[in-house]
Amino acid sequence: MINVRRAAERGTANFGWLDSRHTFSFGDYYDPAHMGFGPLRVINEDRVRPGQGFGTHGHRDMEIISYVLEGALEHKDSIGTGSVIRPGEVQIMSAGTGIRHSEFNHSQAEPVHFLQIWVVPDRAGLAPRYEQKSFPAADKRARLRLVGSADGREGSVLIHQDVALFVALLDTGAQVRHALRAGRRAWLQVARGAVAMNGQDLEASDGAAIEGEPALSVSAKTDGAEILVFDLP
């Protein structure tokens with residue numbers, strides 16, 4: 001079974017400095033039919049104006065992943081981390097017992113466009129932590145590159161949940177396939193371009209929940225397509 005979540009159907013929030021699109025219920029946007037998918041709780045597509053951002057605020061007991069599509073995102077937190085996240089990099093912050101952080105557009109001239117992803121951890125009360133890694137485009141070209149996992153295998157960032165996150169960059173006609181073990185499900189998020197997945201046509205910013213399927217087969221309909229695949233319990 002495949003349920004497509006079209007980009008235009010998502011919740012919206014626009015504060016001038018921030019234009020955000022919510023795949024699942026978040027903040028003032030509440031939709032009981034879209035509260036998350038398994039442990040995947042939030043996928044927000046955010047665009048932040050130059051020099052603007054999220055002031056210092058707190059989180060706890062959540063795995064928070066930032067995936068930058070364009071521009072640069074500056075991060076500072078209460079455990080001493082200060083970094084800039086750019087396209088090709090994956091950042092994860094385990095909020096655990098509590099962490100405070102801020103996120104700002106690093107540029108005074110260009111906007112930043114990124115995905116903010118929240119995953120419910122497999123247990124509460126973890127020690128707060130931060131990790132950021134770069135994944136070259138060549139490693140993701142026409143293949144699914146593991147960028148996040150429960151054990152940090154293959155150089156991926158560590159996610160405190162039984163989740164595997166893959167990214168692929170695809171040009172027209174390129175195809176990737178991901179098999180799902182019995183009892184597993186998946187979420188596909190199209191970051192850029194257009195693809196076909198198991199007979200469904202998906203455009204940029206569309207998502208799809210996949211259950212009861214033996215595999216995902218994704219082919220690009222445009223050059224420069226970029227997809228994220230979450231393998232979930």
# chains A, B, ... in the order shown; residues from 1 in each chain; ligands from 1
$ residues_around --residues "His34 in chain A" --least-positions-apart "3" --cutoff "8 Å" --atoms "only C-alpha atoms" --output "ChimeraX atom specification"
/A:23-25,31,37
$ closest_atom_pairs --of "range 35-134 of chain A" --to "range 150-162 of chain A" --cutoff "10 Å" --atoms "only C-alpha atoms" --output "tab-separated table"
residue	atom	partner	partner_atom	distance
A:Pro39	CA	A:Gln161	CA	7.9
A:Leu40	CA	A:Gln161	CA	9.9
A:Met62	CA	A:His160	CA	9.0
A:Glu63	CA	A:Ile159	CA	6.8
A:Ile64	CA	A:Ile159	CA	9.1
A:Ile65	CA	A:Ile159	CA	9.0
A:Val90	CA	A:Val157	CA	7.6
A:Gln91	CA	A:Val157	CA	7.8
A:Ile92	CA	A:Val157	CA	7.1
A:Met93	CA	A:Ile159	CA	9.0
A:Ser94	CA	A:His160	CA	7.8
A:Gly96	CA	A:His160	CA	9.8
A:Val119	CA	A:Gln161	CA	7.6
A:Val120	CA	A:Gln161	CA	7.3
A:Pro121	CA	A:Gln161	CA	5.1
A:Asp122	CA	A:Gln161	CA	4.8
A:Arg123	CA	A:His160	CA	7.8
A:Ala124	CA	A:His160	CA	9.9
A:Leu126	CA	A:His160	CA	8.9
A:Tyr130	CA	A:Leu158	CA	9.6
A:Glu131	CA	A:Val157	CA	6.7
A:Gln132	CA	A:Val157	CA	7.1
A:Lys133	CA	A:Val157	CA	6.9
A:Ser134	CA	A:Ser156	CA	9.4
$ closest_residue --among "A:Pro128, A:Gly53, A:Pro87, A:Gly38" --to "Ala186 in chain A" --atoms "only C-alpha atoms"
A:Gly38
$ select_by_dssp --residues "range 150-216 of chain A" --states "strand (DSSP E or B)" --output "MDAnalysis selection string"
chainID A and resid 157:158 164:170 175:179 185:192 195:197 200:202 207:210 215:216
$ closest_residue --among "A:Leu144, A:Met35, A:Ile43, A:Ala174" --to "Asp206 in chain A" --atoms "only C-alpha atoms"
A:Ile43
$ residues_around --residues "Gln116 in chain A" --least-positions-apart "6" --cutoff "9 Å" --atoms "only C-alpha atoms" --output "number ranges by chain"
A: 42-46, 64-68
